[in-house]
Structure formats: C-alpha cells, structure tokens
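Below is input30.cif, which holds mmCIF, C-alpha atoms and all ligand atoms; chains and numbers go by the auth columns.
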data_coords
#
loop_
_atom_site.group_PDB
_atom_site.id
_atom_site.type_symbol
_atom_site.label_atom_id
_atom_site.label_comp_id
_atom_site.label_asym_id
_atom_site.label_seq_id
_atom_site.Cartn_x
_atom_site.Cartn_y
_atom_site.Cartn_z
_atom_site.B_iso_or_equiv
_atom_site.auth_seq_id
_atom_site.auth_asym_id
ATOM 1 C CA MET A 1 52.449 13.219 15.246 0.00 1 A
ATOM 2 C CA GLY A 2 51.318 16.516 13.749 0.00 2 A
ATOM 3 C CA LYS A 3 50.771 16.801 10.041 0.00 3 A
ATOM 4 C CA LYS A 4 52.201 20.239 9.624 0.00 4 A
ATOM 5 C CA VAL A 5 55.553 20.834 7.962 0.00 5 A
ATOM 6 C CA LEU A 6 57.534 22.714 10.605 0.00 6 A
ATOM 7 C CA LYS A 7 59.994 25.372 9.506 0.00 7 A
ATOM 8 C CA ILE A 8 63.068 25.721 11.706 0.00 8 A
ATOM 9 C CA GLY A 9 65.816 28.328 11.315 0.00 9 A
ATOM 10 C CA GLN A 10 69.328 27.703 12.662 0.00 10 A
ATOM 11 C CA ILE A 11 71.787 30.499 13.360 0.00 11 A
ATOM 12 C CA THR A 12 75.124 29.486 14.831 0.00 12 A
ATOM 13 C CA ASP A 13 78.525 30.842 15.861 0.00 13 A
ATOM 14 C CA LEU A 14 77.454 34.466 15.986 0.00 14 A
ATOM 15 C CA HIS A 15 80.591 35.463 17.961 0.00 15 A
ATOM 16 C CA ILE A 16 79.072 38.747 19.051 0.00 16 A
ATOM 17 C CA GLY A 17 81.463 40.921 21.074 0.00 17 A
ATOM 18 C CA GLU A 18 80.924 42.927 24.262 0.00 18 A
ATOM 19 C CA ASP A 19 80.310 46.110 22.284 0.00 19 A
ATOM 20 C CA GLU A 20 79.896 47.265 18.720 0.00 20 A
ATOM 21 C CA SER A 21 83.588 47.020 17.830 0.00 21 A
ATOM 22 C CA LEU A 22 84.358 44.855 14.844 0.00 22 A
ATOM 23 C CA VAL A 23 85.454 41.291 15.627 0.00 23 A
ATOM 24 C CA GLN A 24 88.501 40.396 13.519 0.00 24 A
ATOM 25 C CA GLY A 25 87.441 43.208 11.215 0.00 25 A
ATOM 26 C CA ILE A 26 83.957 41.778 10.771 0.00 26 A
ATOM 27 C CA ASP A 27 80.701 43.480 11.718 0.00 27 A
ATOM 28 C CA VAL A 28 79.307 40.400 13.451 0.00 28 A
ATOM 29 C CA ARG A 29 76.180 42.214 14.624 0.00 29 A
ATOM 30 C CA SER A 30 75.178 43.153 11.112 0.00 30 A
ATOM 31 C CA ASN A 31 76.044 39.621 9.933 0.00 31 A
ATOM 32 C CA PHE A 32 73.708 38.199 12.590 0.00 32 A
ATOM 33 C CA LEU A 33 70.964 40.611 11.518 0.00 33 A
ATOM 34 C CA ALA A 34 71.436 39.620 7.861 0.00 34 A
ATOM 35 C CA ALA A 35 70.567 36.052 8.839 0.00 35 A
ATOM 36 C CA TYR A 36 67.843 36.930 11.332 0.00 36 A
ATOM 37 C CA ASN A 37 66.040 39.325 8.982 0.00 37 A
ATOM 38 C CA SER A 38 66.544 37.279 5.839 0.00 38 A
ATOM 39 C CA GLU A 39 63.544 36.509 3.644 0.00 39 A
ATOM 40 C CA SER A 40 64.433 32.812 3.998 0.00 40 A
ATOM 41 C CA MET A 41 63.823 33.033 7.775 0.00 41 A
ATOM 42 C CA LYS A 42 60.258 34.340 7.488 0.00 42 A
ATOM 43 C CA ASP A 43 57.378 32.319 8.970 0.00 43 A
ATOM 44 C CA LEU A 44 59.510 30.106 11.179 0.00 44 A
ATOM 45 C CA ASP A 45 57.961 27.773 13.736 0.00 45 A
ATOM 46 C CA LEU A 46 61.210 27.712 15.725 0.00 46 A
ATOM 47 C CA LEU A 47 64.498 29.613 15.724 0.00 47 A
ATOM 48 C CA VAL A 48 67.599 27.884 17.124 0.00 48 A
ATOM 49 C CA LEU A 49 70.809 29.624 18.188 0.00 49 A
ATOM 50 C CA SER A 50 73.248 26.737 18.443 0.00 50 A
ATOM 51 C CA GLY A 51 76.147 28.129 20.422 0.00 51 A
ATOM 52 C CA ASP A 52 79.029 30.581 20.369 0.00 52 A
ATOM 53 C CA LEU A 53 76.609 33.439 20.720 0.00 53 A
ATOM 54 C CA ALA A 54 79.443 35.310 22.447 0.00 54 A
ATOM 55 C CA ASN A 55 82.756 35.940 20.747 0.00 55 A
ATOM 56 C CA GLU A 56 85.411 34.802 23.214 0.00 56 A
ATOM 57 C CA ASN A 57 84.438 34.447 26.816 0.00 57 A
ATOM 58 C CA ALA A 58 80.713 34.789 27.457 0.00 58 A
ATOM 59 C CA GLU A 59 80.670 38.574 27.056 0.00 59 A
ATOM 60 C CA PRO A 60 77.473 39.843 28.785 0.00 60 A
ATOM 61 C CA GLY A 61 77.171 42.618 26.178 0.00 61 A
ATOM 62 C CA ALA A 62 76.758 39.947 23.498 0.00 62 A
ATOM 63 C CA TYR A 63 73.897 38.227 25.311 0.00 63 A
ATOM 64 C CA SER A 64 72.269 41.515 26.155 0.00 64 A
ATOM 65 C CA TYR A 65 72.392 42.573 22.486 0.00 65 A
ATOM 66 C CA ILE A 66 71.003 39.265 21.187 0.00 66 A
ATOM 67 C CA SER A 67 68.240 39.014 23.790 0.00 67 A
ATOM 68 C CA GLU A 68 67.197 42.592 23.035 0.00 68 A
ATOM 69 C CA ILE A 69 66.839 41.731 19.314 0.00 69 A
ATOM 70 C CA LEU A 70 64.938 38.528 20.081 0.00 70 A
ATOM 71 C CA LYS A 71 62.550 39.993 22.637 0.00 71 A
ATOM 72 C CA ASP A 72 60.065 40.986 19.929 0.00 72 A
ATOM 73 C CA SER A 73 60.284 37.633 18.155 0.00 73 A
ATOM 74 C CA LYS A 74 56.909 35.988 17.661 0.00 74 A
ATOM 75 C CA VAL A 75 58.699 32.688 17.141 0.00 75 A
ATOM 76 C CA PRO A 76 59.939 30.493 20.005 0.00 76 A
ATOM 77 C CA VAL A 77 63.718 30.623 20.294 0.00 77 A
ATOM 78 C CA CYS A 78 65.835 27.746 21.616 0.00 78 A
ATOM 79 C CA VAL A 79 69.383 28.509 22.698 0.00 79 A
ATOM 80 C CA ILE A 80 72.304 26.214 23.589 0.00 80 A
ATOM 81 C CA PRO A 81 75.843 27.140 24.602 0.00 81 A
ATOM 82 C CA GLY A 82 79.031 26.690 22.592 0.00 82 A
ATOM 83 C CA ASN A 83 82.615 26.624 23.813 0.00 83 A
ATOM 84 C CA HIS A 84 82.742 30.437 24.002 0.00 84 A
ATOM 85 C CA ASP A 85 79.559 30.666 26.101 0.00 85 A
ATOM 86 C CA ASN A 86 78.808 30.293 29.776 0.00 86 A
ATOM 87 C CA VAL A 87 75.413 29.022 30.913 0.00 87 A
ATOM 88 C CA GLU A 88 75.489 30.975 34.184 0.00 88 A
ATOM 89 C CA VAL A 89 75.895 34.241 32.287 0.00 89 A
ATOM 90 C CA MET A 90 73.400 33.218 29.588 0.00 90 A
ATOM 91 C CA GLU A 91 70.752 32.561 32.238 0.00 91 A
ATOM 92 C CA LYS A 92 70.761 36.248 33.109 0.00 92 A
ATOM 93 C CA PHE A 93 69.615 37.148 29.595 0.00 93 A
ATOM 94 C CA PHE A 94 67.674 34.151 28.269 0.00 94 A
ATOM 95 C CA ASP A 95 64.848 32.219 29.875 0.00 95 A
ATOM 96 C CA LEU A 96 66.515 28.868 30.540 0.00 96 A
ATOM 97 C CA LYS A 97 64.185 27.859 33.390 0.00 97 A
ATOM 98 C CA GLY A 98 64.017 24.068 33.710 0.00 98 A
ATOM 99 C CA LYS A 99 66.676 23.670 31.006 0.00 99 A
ATOM 100 C CA VAL A 100 69.821 23.748 33.157 0.00 100 A
ATOM 101 C CA HIS A 101 70.854 20.653 35.111 0.00 101 A
ATOM 102 C CA ASP A 102 74.121 20.608 37.077 0.00 102 A
ATOM 103 C CA GLY A 103 75.309 23.642 35.137 0.00 103 A
ATOM 104 C CA LYS A 104 74.574 22.116 31.727 0.00 104 A
ATOM 105 C CA CYS A 105 71.869 23.349 29.395 0.00 105 A
ATOM 106 C CA TYR A 106 70.067 20.399 27.803 0.00 106 A
ATOM 107 C CA TYR A 107 66.391 19.925 27.179 0.00 107 A
ATOM 108 C CA ARG A 108 63.592 18.753 24.956 0.00 108 A
ATOM 109 C CA PHE A 109 61.356 21.224 23.131 0.00 109 A
ATOM 110 C CA GLU A 110 57.959 20.113 21.908 0.00 110 A
ATOM 111 C CA MET A 111 55.892 21.653 19.162 0.00 111 A
ATOM 112 C CA ASP A 112 52.954 20.344 17.203 0.00 112 A
ATOM 113 C CA GLY A 113 53.370 16.986 18.981 0.00 113 A
ATOM 114 C CA ARG A 114 56.968 16.605 17.838 0.00 114 A
ATOM 115 C CA SER A 115 60.181 16.729 19.845 0.00 115 A
ATOM 116 C CA VAL A 116 63.448 18.512 19.257 0.00 116 A
ATOM 117 C CA PHE A 117 66.372 17.763 21.589 0.00 117 A
ATOM 118 C CA PHE A 118 69.164 20.115 22.606 0.00 118 A
ATOM 119 C CA LEU A 119 72.480 19.095 24.191 0.00 119 A
ATOM 120 C CA ASP A 120 75.291 21.058 25.839 0.00 120 A
ATOM 121 C CA SER A 121 78.803 20.427 24.450 0.00 121 A
ATOM 122 C CA ALA A 122 80.301 23.706 25.725 0.00 122 A
ATOM 123 C CA ASN A 123 83.297 21.976 27.339 0.00 123 A
ATOM 124 C CA GLY A 124 83.985 19.970 24.165 0.00 124 A
ATOM 125 C CA THR A 125 82.205 16.832 25.365 0.00 125 A
ATOM 126 C CA VAL A 126 78.648 15.615 25.776 0.00 126 A
ATOM 127 C CA SER A 127 78.453 14.230 29.317 0.00 127 A
ATOM 128 C CA SER A 128 77.336 10.658 29.939 0.00 128 A
ATOM 129 C CA GLU A 129 74.395 12.052 31.985 0.00 129 A
ATOM 130 C CA GLN A 130 73.163 13.857 28.877 0.00 130 A
ATOM 131 C CA LEU A 131 73.670 10.803 26.685 0.00 131 A
ATOM 132 C CA SER A 132 71.637 8.554 29.022 0.00 132 A
ATOM 133 C CA TRP A 133 68.954 11.214 29.279 0.00 133 A
ATOM 134 C CA LEU A 134 68.776 11.596 25.472 0.00 134 A
ATOM 135 C CA GLU A 135 68.533 7.865 24.905 0.00 135 A
ATOM 136 C CA LYS A 136 65.781 7.494 27.499 0.00 136 A
ATOM 137 C CA GLU A 137 63.752 10.529 26.398 0.00 137 A
ATOM 138 C CA ALA A 138 63.998 9.824 22.663 0.00 138 A
ATOM 139 C CA ALA A 139 62.705 6.291 23.301 0.00 139 A
ATOM 140 C CA LYS A 140 59.526 7.807 24.760 0.00 140 A
ATOM 141 C CA VAL A 141 58.775 9.638 21.522 0.00 141 A
ATOM 142 C CA ASP A 142 56.572 8.049 18.951 0.00 142 A
ATOM 143 C CA GLY A 143 58.010 9.261 15.646 0.00 143 A
ATOM 144 C CA GLU A 144 61.143 11.007 14.499 0.00 144 A
ATOM 145 C CA VAL A 145 63.036 13.495 16.658 0.00 145 A
ATOM 146 C CA LEU A 146 65.709 16.076 15.807 0.00 146 A
ATOM 147 C CA LEU A 147 68.863 16.991 17.719 0.00 147 A
ATOM 148 C CA PHE A 148 70.850 20.215 17.964 0.00 148 A
ATOM 149 C CA VAL A 149 74.292 20.341 19.616 0.00 149 A
ATOM 150 C CA HIS A 150 77.137 22.824 19.124 0.00 150 A
ATOM 151 C CA HIS A 151 80.009 20.401 18.313 0.00 151 A
ATOM 152 C CA PRO A 152 79.706 17.851 15.485 0.00 152 A
ATOM 153 C CA PRO A 153 79.752 14.334 17.007 0.00 153 A
ATOM 154 C CA CYS A 154 82.189 13.279 14.262 0.00 154 A
ATOM 155 C CA HIS A 155 85.161 14.439 12.268 0.00 155 A
ATOM 156 C CA CYS A 156 84.083 16.469 9.263 0.00 156 A
ATOM 157 C CA ASP A 157 87.012 16.441 6.862 0.00 157 A
ATOM 158 C CA HIS A 158 87.967 19.937 8.021 0.00 158 A
ATOM 159 C CA LYS A 159 91.732 20.006 8.455 0.00 159 A
ATOM 160 C CA PHE A 160 91.934 22.881 10.946 0.00 160 A
ATOM 161 C CA MET A 161 88.884 22.153 13.115 0.00 161 A
ATOM 162 C CA ASP A 162 89.247 18.347 13.177 0.00 162 A
ATOM 163 C CA LEU A 163 92.839 18.671 14.302 0.00 163 A
ATOM 164 C CA ARG A 164 92.364 21.273 17.010 0.00 164 A
ATOM 165 C CA TYR A 165 88.758 21.628 18.123 0.00 165 A
ATOM 166 C CA SER A 166 86.771 18.470 17.441 0.00 166 A
ATOM 167 C CA MET A 167 84.455 16.977 20.065 0.00 167 A
ATOM 168 C CA LYS A 168 86.568 15.138 22.647 0.00 168 A
ATOM 169 C CA ASN A 169 84.356 12.086 23.251 0.00 169 A
ATOM 170 C CA ILE A 170 83.159 11.303 19.731 0.00 170 A
ATOM 171 C CA ASP A 171 83.266 7.510 20.242 0.00 171 A
ATOM 172 C CA GLU A 172 81.152 7.626 23.393 0.00 172 A
ATOM 173 C CA VAL A 173 78.629 9.981 21.800 0.00 173 A
ATOM 174 C CA GLN A 174 78.356 7.957 18.595 0.00 174 A
ATOM 175 C CA ALA A 175 77.865 4.756 20.605 0.00 175 A
ATOM 176 C CA THR A 176 74.726 6.291 22.129 0.00 176 A
ATOM 177 C CA LEU A 177 73.532 7.950 18.926 0.00 177 A
ATOM 178 C CA SER A 178 73.714 4.681 17.010 0.00 178 A
ATOM 179 C CA LYS A 179 71.136 3.226 19.421 0.00 179 A
ATOM 180 C CA ILE A 180 68.583 5.976 18.847 0.00 180 A
ATOM 181 C CA LYS A 181 66.660 4.742 15.864 0.00 181 A
ATOM 182 C CA ASN A 182 64.134 7.578 15.668 0.00 182 A
ATOM 183 C CA LEU A 183 66.901 10.178 15.365 0.00 183 A
ATOM 184 C CA LYS A 184 67.994 10.658 11.759 0.00 184 A
ATOM 185 C CA HIS A 185 69.151 14.275 11.602 0.00 185 A
ATOM 186 C CA ILE A 186 71.596 16.153 13.837 0.00 186 A
ATOM 187 C CA PHE A 187 72.269 19.882 13.398 0.00 187 A
ATOM 188 C CA VAL A 188 75.521 21.395 14.603 0.00 188 A
ATOM 189 C CA GLY A 189 77.788 24.435 14.196 0.00 189 A
ATOM 190 C CA HIS A 190 81.241 25.153 15.627 0.00 190 A
ATOM 191 C CA TYR A 191 83.185 24.303 12.459 0.00 191 A
ATOM 192 C CA HIS A 192 82.478 27.545 10.570 0.00 192 A
ATOM 193 C CA PHE A 193 81.770 25.801 7.293 0.00 193 A
ATOM 194 C CA GLU A 194 78.976 23.962 5.532 0.00 194 A
ATOM 195 C CA SER A 195 79.047 20.196 5.324 0.00 195 A
ATOM 196 C CA THR A 196 76.968 17.045 5.582 0.00 196 A
ATOM 197 C CA VAL A 197 78.478 13.979 7.225 0.00 197 A
ATOM 198 C CA GLU A 198 76.947 10.503 7.435 0.00 198 A
ATOM 199 C CA ILE A 199 77.532 8.567 10.651 0.00 199 A
ATOM 200 C CA GLU A 200 76.155 5.125 11.499 0.00 200 A
ATOM 201 C CA ASN A 201 72.499 5.959 11.996 0.00 201 A
ATOM 202 C CA GLN A 202 72.336 9.721 11.362 0.00 202 A
ATOM 203 C CA THR A 203 73.126 12.555 9.004 0.00 203 A
ATOM 204 C CA VAL A 204 75.078 15.375 10.651 0.00 204 A
ATOM 205 C CA HIS A 205 74.325 18.768 9.107 0.00 205 A
ATOM 206 C CA VAL A 206 77.129 21.246 9.774 0.00 206 A
ATOM 207 C CA THR A 207 75.849 24.801 9.565 0.00 207 A
ATOM 208 C CA PRO A 208 78.101 27.735 8.667 0.00 208 A
ATOM 209 C CA SER A 209 78.682 30.622 11.051 0.00 209 A
ATOM 210 C CA THR A 210 77.186 34.081 10.807 0.00 210 A
ATOM 211 C CA GLN A 211 80.606 35.456 11.824 0.00 211 A
ATOM 212 C CA MET A 212 82.888 34.025 9.102 0.00 212 A
ATOM 213 C CA GLN A 213 83.868 30.753 7.450 0.00 213 A
ATOM 214 C CA ILE A 214 87.125 28.798 7.917 0.00 214 A
ATOM 215 C CA ASP A 215 88.905 27.076 5.018 0.00 215 A
ATOM 216 C CA PRO A 216 88.558 23.280 5.534 0.00 216 A
ATOM 217 C CA ASN A 217 91.518 22.489 3.281 0.00 217 A
ATOM 218 C CA LYS A 218 94.193 24.219 5.380 0.00 218 A
ATOM 219 C CA SER A 219 95.551 22.877 8.666 0.00 219 A
ATOM 220 C CA VAL A 220 96.211 26.397 9.960 0.00 220 A
ATOM 221 C CA PHE A 221 93.476 28.962 10.498 0.00 221 A
ATOM 222 C CA CYS A 222 92.560 30.530 7.190 0.00 222 A
ATOM 223 C CA LEU A 223 89.490 32.664 6.633 0.00 223 A
ATOM 224 C CA SER A 224 87.582 31.537 3.557 0.00 224 A
ATOM 225 C CA SER A 225 84.769 34.083 3.650 0.00 225 A
ATOM 226 C CA ALA A 226 83.296 36.829 5.823 0.00 226 A
ATOM 227 C CA ALA A 227 79.805 36.270 4.434 0.00 227 A
ATOM 228 C CA PRO A 228 77.321 35.064 7.068 0.00 228 A
ATOM 229 C CA GLY A 229 75.637 31.694 6.564 0.00 229 A
ATOM 230 C CA TRP A 230 72.634 30.069 8.210 0.00 230 A
ATOM 231 C CA ARG A 231 70.249 27.127 7.740 0.00 231 A
ATOM 232 C CA VAL A 232 66.554 26.560 7.154 0.00 232 A
ATOM 233 C CA ILE A 233 64.945 23.165 7.844 0.00 233 A
ATOM 234 C CA GLN A 234 61.546 21.996 6.636 0.00 234 A
ATOM 235 C CA TRP A 235 60.445 19.077 8.780 0.00 235 A
ATOM 236 C CA GLY A 236 57.342 17.030 8.012 0.00 236 A
ATOM 237 C CA GLU A 237 56.251 13.513 8.765 0.00 237 A
ATOM 238 C CA ASN A 238 58.920 11.191 7.292 0.00 238 A
ATOM 239 C CA PHE A 239 60.305 14.127 5.371 0.00 239 A
ATOM 240 C CA LEU A 240 63.144 16.582 5.979 0.00 240 A
ATOM 241 C CA GLU A 241 64.565 19.136 3.630 0.00 241 A
ATOM 242 C CA THR A 242 67.273 21.589 4.568 0.00 242 A
ATOM 243 C CA LYS A 243 69.081 24.409 2.857 0.00 243 A
ATOM 244 C CA VAL A 244 71.998 26.661 3.756 0.00 244 A
ATOM 245 C CA TYR A 245 71.953 30.320 2.770 0.00 245 A
ATOM 246 C CA PHE A 246 74.795 32.812 2.546 0.00 246 A
ATOM 247 C CA SER A 247 74.281 36.538 2.300 0.00 247 A
ATOM 248 C CA GLN A 248 76.307 38.555 -0.160 0.00 248 A
ATOM 249 C CA THR A 249 79.808 39.251 1.142 0.00 249 A
ATOM 250 C CA PRO A 250 79.423 42.502 3.071 0.00 250 A
HETATM 251 FE FE FE B . 82.519 26.806 18.772 0.00 301 A
#

How would this structure read if it were set down as structure tokens?
Amino acid sequence: MGKKVLKIGQITDLHIGEDESLVQGIDVRSNFLAAYNSESMKDLDLLVLSGDLANENAEPGAYSYISEILKDSKVPVCVIPGNHDNVEVMEKFFDLKGKVHDGKCYYRFEMDGRSVFFLDSANGTVSSEQLSWLEKEAAKVDGEVLLFVHHPPCHCDHKFMDLRYSMKNIDEVQATLSKIKNLKHIFVGHYHFESTVEIENQTVHVTPSTQMQIDPNKSVFCLSSAAPGWRVIQWGENFLETKVYFSQTP
C-alpha cells in the first residue's frame, strides 16, 4: 500500500440540462463550476462524478458540456451513472472502455497501489452480478478499499427520498457489504443532502448535490437550498478524513 495521502473530490447530482437554460430556476452549470473550480478541489489525485450528471433523461448536451470542461483536467476522472443517466449515451462522451459490462458501468480504479470501486445503481438496484464481482475483487486487495455508488445502500432519515427514491434492494446489497471487511467507507449521492449513516460494517457518506438540496424533514419535495455542495476526501493508510463544502448561495 502506498504511503501517500490521496485527495479525492466528489461531485454528484449535477443535473445539467441539454442547453444553458436554467433548471428549476437554478444555473446548474455555474453551480457545477463553483464546485469544480473551488479552492478546496485543488491538487486532487482523483475526481469522481457520482451520477445524475444529466438533469432528466440522459441529455447529450449535458454530457457534451461536462466532458468539454473535463478534457483539460490533469486529474483522472471517474464517472458512474445515476438514475437520470444512460450508460450508452455517456459512452459517447466519456472514456468508459473496459468499464461497461452488460450495459452496466462498474469497475475498479487503482492509484498509488490502492483500489477504489465504482458500482452502477442507475436502475435503483445494484445487480447481484456486481455484488459478487465486488466481493471477489475486494478480497484480492491487501488493505482498505473505497466504494462509490449513486444510491445510498441504506435509508438515510430523509423523509422524501427514503419514501420515494431509496435503493430497491438494500437488504441484498447490505448482506454483501457486511462481508467485505476491508471496505469501511462508501460515498454516495442521489439524496441531495449531507449526511453520514452507519451500517453494519461501513460508514455511508451522503454527499450533497451541486444542483440543489432537498429538505429531509418534509415528506413532499421541498427545496432547502440552491447552494451547490461537494465533498473532499483525504485517504491515507488507516486514515480517512472527509469534509463537505457549500458555496455561497448564488
Ligand atoms: Fe439520483
């Protein structure tokens, strides 16, 4: 295992539209840029976009915009789909070679001798093929691994999202996760709020959206803020520190 402390940035739920029109009155492109260009995101070793890059239905204009911004990035970028994305369309704009299996985008990314895993929960579930693959691959790794997936593999005490849009096979996913002893931290999005949830063997870090945040205390949709949020992770040997940032409300 490498000795370096790796710095990972997570941007999630960008909800970029087909063109520059505002999305629900929010300038989602400028919100994304606020996160991407933030001082806190300098000197990353890895940038992760963890799903819902596109606003509603895999708008090609969203992927084209994001890939254009990222093309000059000196940092490796790992992308996974959310429920508003489509892997077939994403493949036209992002290099997903070797990362798509039977239409699902899941893979392992290695850096400095350490492994980060990415799963595809775009249809609201993590397939049993992915779960077996994760269990097998993580067992090959000597040392701690990290996992990114769009949907939290748990309920998160968010009235609106838990009720309507939670992962559909939580029990099956948790049954596998509980067996993976070298996985301690899971990073997700989808819920449009910040939270930390403990499950049997892992801490689930829920990262806010760059589009807008949803009030967790209301069972109907209620916007709580239009300020973009994102996450920075510092990952060393037997050490992980993470912090969520919000920009000023635009
Ligand atoms: Fe989502």

Review point. So which residues are near ligand FE 301 (chain A), meaning at most 6 Å away with all atoms listed in the file counted, given back as a list in words?
Key: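 Based on all atoms listed in the file, ligand FE 301 (chain A) is surrounded within 6 Å by Asp52, Gly82, Asn83 and His190 of chain A.
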
With C-alpha atoms retained, write the just-selected residues as a compact mmCIF listing (two decimals), in the frame of the given file.
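The file below, out_1.txt, is the result:
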# COMPACT_ATOMS: atom_id res chain seq x y z
CA ASP A 52 79.03 30.58 20.37
CA GLY A 82 79.03 26.69 22.59
CA ASN A 83 82.62 26.62 23.81
CA HIS A 190 81.24 25.15 15.63

**Study point:** Pairwise distance for atom CA of A:Asn86 and atom CA of A:Ala54, rounded to one decimal in Å
**Key:**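 Atom-to-atom, atom CA of A:Asn86 and atom CA of A:Ala54 are spaced 8.9 Å apart.
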
Quick check on the file I pasted: which residues fall under the PyMOL selection byres (((chain A and resi 43-49) around 9) and not hetatm)? Write them as a PDB file with C-alpha atoms, keeping the file's coordinate frame.
ATOM      1  CA  LEU A   6      57.534  22.714  10.605  1.00  0.00           C
ATOM      2  CA  LYS A   7      59.994  25.372   9.506  1.00  0.00           C
ATOM      3  CA  ILE A   8      63.068  25.721  11.706  1.00  0.00           C
ATOM      4  CA  GLY A   9      65.816  28.328  11.315  1.00  0.00           C
ATOM      5  CA  GLN A  10      69.328  27.703  12.662  1.00  0.00           C
ATOM      6  CA  ILE A  11      71.787  30.499  13.360  1.00  0.00           C
ATOM      7  CA  THR A  12      75.124  29.486  14.831  1.00  0.00           C
ATOM      8  CA  ASP A  13      78.525  30.842  15.861  1.00  0.00           C
ATOM      9  CA  LEU A  14      77.454  34.466  15.986  1.00  0.00           C
ATOM     10  CA  SER A  40      64.433  32.812   3.998  1.00  0.00           C
ATOM     11  CA  MET A  41      63.823  33.033   7.775  1.00  0.00           C
ATOM     12  CA  LYS A  42      60.258  34.340   7.488  1.00  0.00           C
ATOM     13  CA  SER A  50      73.248  26.737  18.443  1.00  0.00           C
ATOM     14  CA  GLY A  51      76.147  28.129  20.422  1.00  0.00           C
ATOM     15  CA  ASP A  52      79.029  30.581  20.369  1.00  0.00           C
ATOM     16  CA  LEU A  53      76.609  33.439  20.720  1.00  0.00           C
ATOM     17  CA  VAL A  75      58.699  32.688  17.141  1.00  0.00           C
ATOM     18  CA  PRO A  76      59.939  30.493  20.005  1.00  0.00           C
ATOM     19  CA  VAL A  77      63.718  30.623  20.294  1.00  0.00           C
ATOM     20  CA  CYS A  78      65.835  27.746  21.616  1.00  0.00           C
ATOM     21  CA  VAL A  79      69.383  28.509  22.698  1.00  0.00           C
ATOM     22  CA  ILE A  80      72.304  26.214  23.589  1.00  0.00           C
ATOM     23  CA  PRO A  81      75.843  27.140  24.602  1.00  0.00           C
ATOM     24  CA  MET A 111      55.892  21.653  19.162  1.00  0.00           C
ATOM     25  CA  PHE A 148      70.850  20.215  17.964  1.00  0.00           C
ATOM     26  CA  VAL A 232      66.554  26.560   7.154  1.00  0.00           C
TER      27      VAL A 232
END

Point to revise | atom CA of A:Ser225 to atom CA of A:Met90, straight-line distance in Å | key: 28.3 Å

Exercise for review: Could you tell me which residues the PyMOL selection byres (((chain A and resi 175-182) around 10) and not hetatm) grabs in this file, written as a list in words?
Suggested key: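 Taken on the displayed file, the PyMOL selection byres (((chain A and resi 175-182) around 10) and not hetatm) yields the residues Ser128, Leu131, Ser132, Leu134, Glu135, Lys136, Ala138, Ala139, Val141, Asp142, Gly143, Glu144, Val145, Leu146, Pro153, Ile170, Asp171, Glu172, Val173, Gln174, Leu183, Lys184, His185, Ile186, Ile199, Glu200, Asn201 and Gln202 of chain A.
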